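*Asks:* Right, I'll just put the structure down here and ask away after.
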Amino acid sequence: MIWDEDGDALFPTTGIADSGGQAIDTDKSASVDYRGADTAHVRVPAVTLETLLKDKSLIDFVHIDIQGAEFNVLNRSVGFVSERVKFMMVATHSRLLEGAIQSILFDNGWFLEREEVAHVVPRPNPPSIEALTWRDGGQVWRNLRFSEIGS
């Protein structure tokens, strides 16, 4: 699993029909996840993007979809991906993530080619703002170090 540090993470053991489970750091113990659902986790090996892609000098496309950990991974690895990755698709699992990811990638020379925002269903007293998301979003980014806009 891709994570913001090499080591282990806790991965949700939700059923195949539940694509909303979120991995967490091993120093956390959660039986109730960010959506308010009772969720068990299993320890899995985790690596950074740098560790996974260290032998690649230039990468055409990376797709990042890690159920809410996208910003943490990009925040740690933005310099690495900015030097080596031409295009990136980043899944977004909340409106908070969308803005944070836009900010860090824009500030590092990336151009937002396309975006589908996360859709939310407002409801009173959610366990978290992320729990309002009923359909994930996504962002497609072009690294301007490797191409100009319009080319």
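Naming works like this for the structure tokens: A, B, ... for the chains as they're shown, residue 1 at the start of each chain, ligands 1 onward in shown order.
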Env of Ala69 of chain A: 9 Å cut, atoms = only C-alpha atoms, seq-sep filter 4 positions within chain, self excluded. Answer as a PDB file with C-alpha atoms, in the first residue's frame.

*Replies:*
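The new file selection_34.pdb reads:
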ATOM      1  CA  TRP A   3       1.475   5.668   2.428  1.00  0.00           C
ATOM      2  CA  ASP A   4       3.244   8.788   3.682  1.00  0.00           C
ATOM      3  CA  GLN A  22     -10.071   4.322   5.053  1.00  0.00           C
ATOM      4  CA  ALA A  23      -6.581   3.178   6.038  1.00  0.00           C
ATOM      5  CA  ILE A  24      -5.120   4.712   9.189  1.00  0.00           C
ATOM      6  CA  ASP A  65      -6.619   6.553  -4.910  1.00  0.00           C
ATOM      7  CA  VAL A  73       1.056  11.136   0.480  1.00  0.00           C
ATOM      8  CA  LEU A  74       1.320  14.063  -1.951  1.00  0.00           C
ATOM      9  CA  LEU A  97      -9.121  17.000   0.156  1.00  0.00           C
TER      10      LEU A  97
END

*Asks:* Using DSSP on the backbone, list every residue of chain A that comes out as alpha helix (DSSP H), and give them as a ChimeraX atom specification.

*Replies:* /A:49-53,70-84,95-106

*Asks:* Output N, CA and C atoms for every residue in the selection just made, as a compact mmCIF listing (two decimals), in the first residue's frame.

*Replies:*
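Listed below is the output, again_11.txt:
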# COMPACT_ATOMS: atom_id res chain seq x y z
N LEU A 49 5.78 6.81 -2.17
CA LEU A 49 5.93 6.85 -3.63
C LEU A 49 7.40 6.80 -4.01
N GLU A 50 8.26 7.44 -3.22
CA GLU A 50 9.69 7.43 -3.51
C GLU A 50 10.24 6.01 -3.46
N THR A 51 9.85 5.25 -2.48
CA THR A 51 10.32 3.87 -2.35
C THR A 51 9.82 3.02 -3.51
N LEU A 52 8.55 3.14 -3.83
CA LEU A 52 7.96 2.34 -4.90
C LEU A 52 8.57 2.66 -6.26
N LEU A 53 8.80 3.95 -6.54
CA LEU A 53 9.19 4.39 -7.88
C LEU A 53 10.65 4.84 -7.98
N GLU A 70 -4.67 10.72 0.19
CA GLU A 70 -4.01 11.30 -0.98
C GLU A 70 -3.21 12.56 -0.62
N PHE A 71 -3.79 13.45 0.17
CA PHE A 71 -3.06 14.67 0.51
C PHE A 71 -1.81 14.36 1.33
N ASN A 72 -1.92 13.50 2.33
CA ASN A 72 -0.75 13.18 3.15
C ASN A 72 0.38 12.61 2.30
N VAL A 73 0.04 11.73 1.36
CA VAL A 73 1.06 11.14 0.48
C VAL A 73 1.65 12.21 -0.44
N LEU A 74 0.81 13.02 -1.05
CA LEU A 74 1.32 14.06 -1.95
C LEU A 74 2.10 15.13 -1.20
N ASN A 75 1.66 15.48 -0.02
CA ASN A 75 2.36 16.48 0.77
C ASN A 75 3.79 16.04 1.05
N ARG A 76 3.97 14.76 1.32
CA ARG A 76 5.31 14.22 1.57
C ARG A 76 6.11 14.09 0.29
N SER A 77 5.45 13.75 -0.82
CA SER A 77 6.14 13.35 -2.05
C SER A 77 6.01 14.33 -3.21
N VAL A 78 5.50 15.52 -2.97
CA VAL A 78 5.23 16.43 -4.09
C VAL A 78 6.50 16.79 -4.85
N GLY A 79 7.62 16.95 -4.19
CA GLY A 79 8.87 17.24 -4.90
C GLY A 79 9.29 16.09 -5.79
N PHE A 80 9.17 14.88 -5.28
CA PHE A 80 9.53 13.68 -6.04
C PHE A 80 8.65 13.54 -7.29
N VAL A 81 7.32 13.62 -7.13
CA VAL A 81 6.44 13.44 -8.29
C VAL A 81 6.57 14.61 -9.25
N SER A 82 6.85 15.79 -8.75
CA SER A 82 7.00 16.95 -9.63
C SER A 82 8.24 16.84 -10.51
N GLU A 83 9.26 16.14 -10.06
CA GLU A 83 10.47 15.94 -10.85
C GLU A 83 10.35 14.80 -11.85
N ARG A 84 9.42 13.86 -11.65
CA ARG A 84 9.42 12.63 -12.45
C ARG A 84 8.12 12.27 -13.15
N ARG A 95 -14.52 17.23 0.00
CA ARG A 95 -14.26 18.58 -0.47
C ARG A 95 -13.00 19.15 0.17
N LEU A 96 -12.73 18.77 1.42
CA LEU A 96 -11.51 19.24 2.08
C LEU A 96 -10.27 18.79 1.33
N LEU A 97 -10.26 17.52 0.91
CA LEU A 97 -9.12 17.00 0.16
C LEU A 97 -8.95 17.72 -1.17
N GLU A 98 -10.06 18.01 -1.84
CA GLU A 98 -9.97 18.66 -3.15
C GLU A 98 -9.20 19.97 -3.07
N GLY A 99 -9.56 20.81 -2.12
CA GLY A 99 -8.88 22.09 -1.99
C GLY A 99 -7.43 21.95 -1.57
N ALA A 100 -7.15 21.05 -0.65
CA ALA A 100 -5.78 20.85 -0.18
C ALA A 100 -4.88 20.33 -1.30
N ILE A 101 -5.40 19.39 -2.09
CA ILE A 101 -4.62 18.83 -3.20
C ILE A 101 -4.41 19.89 -4.27
N GLN A 102 -5.45 20.66 -4.58
CA GLN A 102 -5.30 21.73 -5.57
C GLN A 102 -4.22 22.71 -5.13
N SER A 103 -4.21 23.08 -3.88
CA SER A 103 -3.25 24.05 -3.39
C SER A 103 -1.82 23.54 -3.52
N ILE A 104 -1.56 22.34 -3.06
CA ILE A 104 -0.18 21.83 -3.08
C ILE A 104 0.31 21.57 -4.50
N LEU A 105 -0.54 21.04 -5.38
CA LEU A 105 -0.09 20.77 -6.75
C LEU A 105 0.06 22.06 -7.55
N PHE A 106 -0.88 22.98 -7.42
CA PHE A 106 -0.76 24.26 -8.10
C PHE A 106 0.53 24.97 -7.70

*Asks:* Which is closest to Phe11 of chain A among A:His93, A:Asp55, A:Gln67, A:Gly138, if we use only C-alpha atoms?

*Replies:*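 Among the listed residues, the smallest separation from Phe11 of chain A belongs to A:Gln67.
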
*Asks:* Can you tell me, as a list in words, what residues are no more than 12 Å from Ala9 of chain A when counting only C-alpha atoms, ignoring any on the same chain fewer than 3 positions away?

*Replies:*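 Returned residues: Met1, Ile2, Trp3, Asp4, Glu5, Asp6, Pro12, Gln22, Ala23, Ile24, Asp25, Thr26, Asp27, Lys28, Ser29, His41, Val42, Arg43, Val44, Pro45, Ala46, Val47, Thr48, Ile66 and Ala69 of chain A.
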
*Asks:* If you run DSSP over the backbone, which residues in segment 15-130 of chain A end up strand (DSSP E)? Put them as an NGL selection string.

*Replies:* :A and (24-25 or 41-46 or 59-64 or 85-92 or 110-116 or 119-120)

*Asks:* Since we have the selection now, will you write its residues out, keeping N, CA and C atoms, as a CSV table (one decimal), in the first residue's frame?

*Replies:*
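In the end it all went to again.csv:
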chain,number,residue,atom,x,y,z
A,24,ILE,N,-5.5,3.8,8.1
A,24,ILE,CA,-5.1,4.7,9.2
A,24,ILE,C,-3.7,4.4,9.6
A,25,ASP,N,-3.1,5.3,10.3
A,25,ASP,CA,-1.7,5.1,10.9
A,25,ASP,C,-1.8,4.0,11.9
A,41,HIS,N,-9.6,-3.2,11.2
A,41,HIS,CA,-8.4,-3.0,10.3
A,41,HIS,C,-7.4,-4.1,10.5
A,42,VAL,N,-6.6,-4.3,9.5
A,42,VAL,CA,-5.5,-5.3,9.5
A,42,VAL,C,-4.2,-4.6,9.1
A,43,ARG,N,-3.2,-5.0,9.8
A,43,ARG,CA,-1.8,-4.3,9.5
A,43,ARG,C,-1.3,-4.8,8.2
A,44,VAL,N,-0.9,-3.9,7.3
A,44,VAL,CA,-0.3,-4.2,6.0
A,44,VAL,C,1.0,-3.4,5.8
A,45,PRO,N,1.9,-4.0,5.0
A,45,PRO,CA,3.1,-3.2,4.6
A,45,PRO,C,2.7,-2.0,3.8
A,46,ALA,N,3.5,-0.9,4.1
A,46,ALA,CA,3.2,0.4,3.4
A,46,ALA,C,4.5,1.0,2.9
A,59,ILE,N,8.1,9.1,-15.4
A,59,ILE,CA,6.8,8.3,-15.3
A,59,ILE,C,5.8,9.1,-16.1
A,60,ASP,N,5.1,8.4,-17.0
A,60,ASP,CA,4.1,9.1,-17.8
A,60,ASP,C,2.8,9.4,-17.0
A,61,PHE,N,2.3,8.4,-16.2
A,61,PHE,CA,1.0,8.6,-15.5
A,61,PHE,C,1.0,7.9,-14.2
A,62,VAL,N,0.5,8.5,-13.1
A,62,VAL,CA,0.3,7.9,-11.8
A,62,VAL,C,-1.1,8.2,-11.4
A,63,HIS,N,-1.8,7.1,-10.9
A,63,HIS,CA,-3.2,7.2,-10.4
A,63,HIS,C,-3.1,7.0,-8.9
A,64,ILE,N,-3.6,8.0,-8.1
A,64,ILE,CA,-3.5,7.9,-6.7
A,64,ILE,C,-4.9,7.8,-6.2
A,85,VAL,N,7.0,12.8,-12.7
A,85,VAL,CA,5.7,12.4,-13.2
A,85,VAL,C,5.1,13.4,-14.2
A,86,LYS,N,4.7,13.0,-15.4
A,86,LYS,CA,4.1,13.9,-16.3
A,86,LYS,C,2.6,14.2,-16.1
A,87,PHE,N,1.8,13.2,-15.8
A,87,PHE,CA,0.4,13.3,-15.6
A,87,PHE,C,0.0,12.5,-14.3
A,88,MET,N,-1.0,13.0,-13.6
A,88,MET,CA,-1.5,12.3,-12.5
A,88,MET,C,-3.0,12.5,-12.3
A,89,MET,N,-3.6,11.4,-12.0
A,89,MET,CA,-5.1,11.3,-11.6
A,89,MET,C,-5.1,11.1,-10.1
A,90,VAL,N,-5.8,12.0,-9.4
A,90,VAL,CA,-5.9,11.9,-8.0
A,90,VAL,C,-7.4,11.8,-7.6
A,91,ALA,N,-7.7,10.7,-6.9
A,91,ALA,CA,-9.1,10.5,-6.4
A,91,ALA,C,-9.3,11.5,-5.2
A,92,THR,N,-10.4,12.0,-5.1
A,92,THR,CA,-10.7,12.9,-4.0
A,92,THR,C,-11.9,12.4,-3.2
A,110,TRP,N,1.9,22.4,-11.2
A,110,TRP,CA,0.9,21.5,-11.9
A,110,TRP,C,-0.3,22.3,-12.4
A,111,PHE,N,-0.9,21.8,-13.5
A,111,PHE,CA,-2.1,22.4,-14.1
A,111,PHE,C,-3.2,21.4,-14.0
A,112,LEU,N,-4.3,21.9,-13.4
A,112,LEU,CA,-5.5,21.1,-13.3
A,112,LEU,C,-6.3,21.0,-14.6
A,113,GLU,N,-6.1,19.8,-15.3
A,113,GLU,CA,-6.8,19.6,-16.6
A,113,GLU,C,-8.3,19.4,-16.5
A,114,ARG,N,-8.7,18.6,-15.5
A,114,ARG,CA,-10.1,18.2,-15.4
A,114,ARG,C,-10.4,17.9,-13.9
A,115,GLU,N,-11.6,18.2,-13.5
A,115,GLU,CA,-12.0,17.9,-12.2
A,115,GLU,C,-13.5,17.4,-12.1
A,116,GLU,N,-13.7,16.4,-11.4
A,116,GLU,CA,-15.1,16.0,-11.0
A,116,GLU,C,-15.1,16.2,-9.5
A,119,HIS,N,-19.3,14.6,-4.4
A,119,HIS,CA,-20.7,15.0,-4.2
A,119,HIS,C,-21.0,14.7,-2.7
A,120,VAL,N,-21.7,15.6,-2.1
A,120,VAL,CA,-22.0,15.4,-0.7
A,120,VAL,C,-23.5,15.4,-0.5

*Asks:* Give the answer as one residue: which of A:Asp136, A:Ala40, A:Arg142, A:Gly20 has the shortest atom-to-atom distance to Asn108 of chain A, using only C-alpha atoms?

*Replies:* A:Arg142

*Asks:* Give me, please, the distance in Å between atom CA of Arg145 of chain A and atom CA of Gly68 of chain A, quoted to one decimal.

*Replies:*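 Pair atom CA of Arg145 of chain A / atom CA of Gly68 of chain A returns 26.8 Å.
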